[in-house]
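Heads up: the structure comes next, in structure tokens.
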Amino acid sequence: MKKVLLLAVVAGMVSVTSCKKETTEKVETTAQEAGNVIVETGQDAANILDEGFESAKAAITDAPQISNPELQEWANKLHDEAAKAKAASVAGNQSELNEAVASITSLAESLKNFTADADFAKAEAYYKEIQAELEQF
């Protein structure tokens, strides 16, 4: 009888240990699957944001070709900030929109540094064009 009781106890312990191991493996597998879903969701969201920015960038008139490299860089920055503003507006992200508008305002003020440049009028006309495009949304 002692042997039967001992065998029953041992069998019960093996069964509990086996169940515990299975449960731990299931929890680990579920946690890993959940982590994968979170990563995929994050990647999908990042892709959507990138697509939104690229779409907004394409919707903004390209910067003109300017011979002064500093003024060309200014025009390129203006284009990028306008695209950020448009993408933020479409996405409803007010803080990014505010940042982009602040950058555009700063760029507009820095344009005054180029008044003596031969391409100043071209840059100023581009700023006005961007301003009109941004007012449409």
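Note on naming: chains are A, B, ... as they come in the structure tokens, residues start from 1 per chain, ligands start from 1 in the order shown.
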With a distance cut-off of 8 Å and only C-alpha atoms, select the neighbouring residues of His79 of chain A, excluding the residue or stretch itself and same-chain residues fewer than 6 positions from it, and output the selection as a PyMOL selection string. chain A and resi 57+60-63+130
Write the selection just made, keeping N, CA and C atoms, as a compact mmCIF listing (two decimals), in the first residue's frame?
# COMPACT_ATOMS: atom_id res chain seq x y z
N LYS A 57 4.83 66.15 -48.68
CA LYS A 57 6.02 66.73 -49.33
C LYS A 57 5.80 66.87 -50.83
N ILE A 60 3.54 69.89 -51.75
CA ILE A 60 4.11 71.22 -51.61
C ILE A 60 5.00 71.50 -52.82
N THR A 61 4.88 72.69 -53.38
CA THR A 61 5.69 73.07 -54.53
C THR A 61 7.17 72.93 -54.21
N ASP A 62 7.91 72.32 -55.13
CA ASP A 62 9.35 72.12 -54.93
C ASP A 62 10.07 73.46 -54.84
N ALA A 63 11.17 73.44 -54.10
CA ALA A 63 11.99 74.63 -53.95
C ALA A 63 12.61 74.99 -55.30
N ILE A 130 4.50 79.22 -50.85
CA ILE A 130 4.35 78.24 -49.77
C ILE A 130 3.30 78.73 -48.77
Using only C-alpha atoms for the distances, tell me which of A:Glu124, A:Glu109, A:Glu135, A:Glu96 is nearest to Ala75 of chain A.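 Closest residue, counting only C-alpha atoms: A:Glu124.
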Atom CA of Ala82 of chain A and atom CA of Ile66 of chain A, how far apart in Å? 18.3 Å
Straight-line distance linking atom CA of Leu107 of chain A with atom CA of Leu78 of chain A, stated in Å to one decimal: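 Atom CA of Leu78 of chain A lies at a distance of 6.8 Å from atom CA of Leu107 of chain A.
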Just the number, please: distance in Å from atom CA of Ser95 of chain A to atom CA of Tyr126 of chain A, one decimal.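 Taking atom CA of Ser95 of chain A and atom CA of Tyr126 of chain A, their separation equals 25.2 Å.
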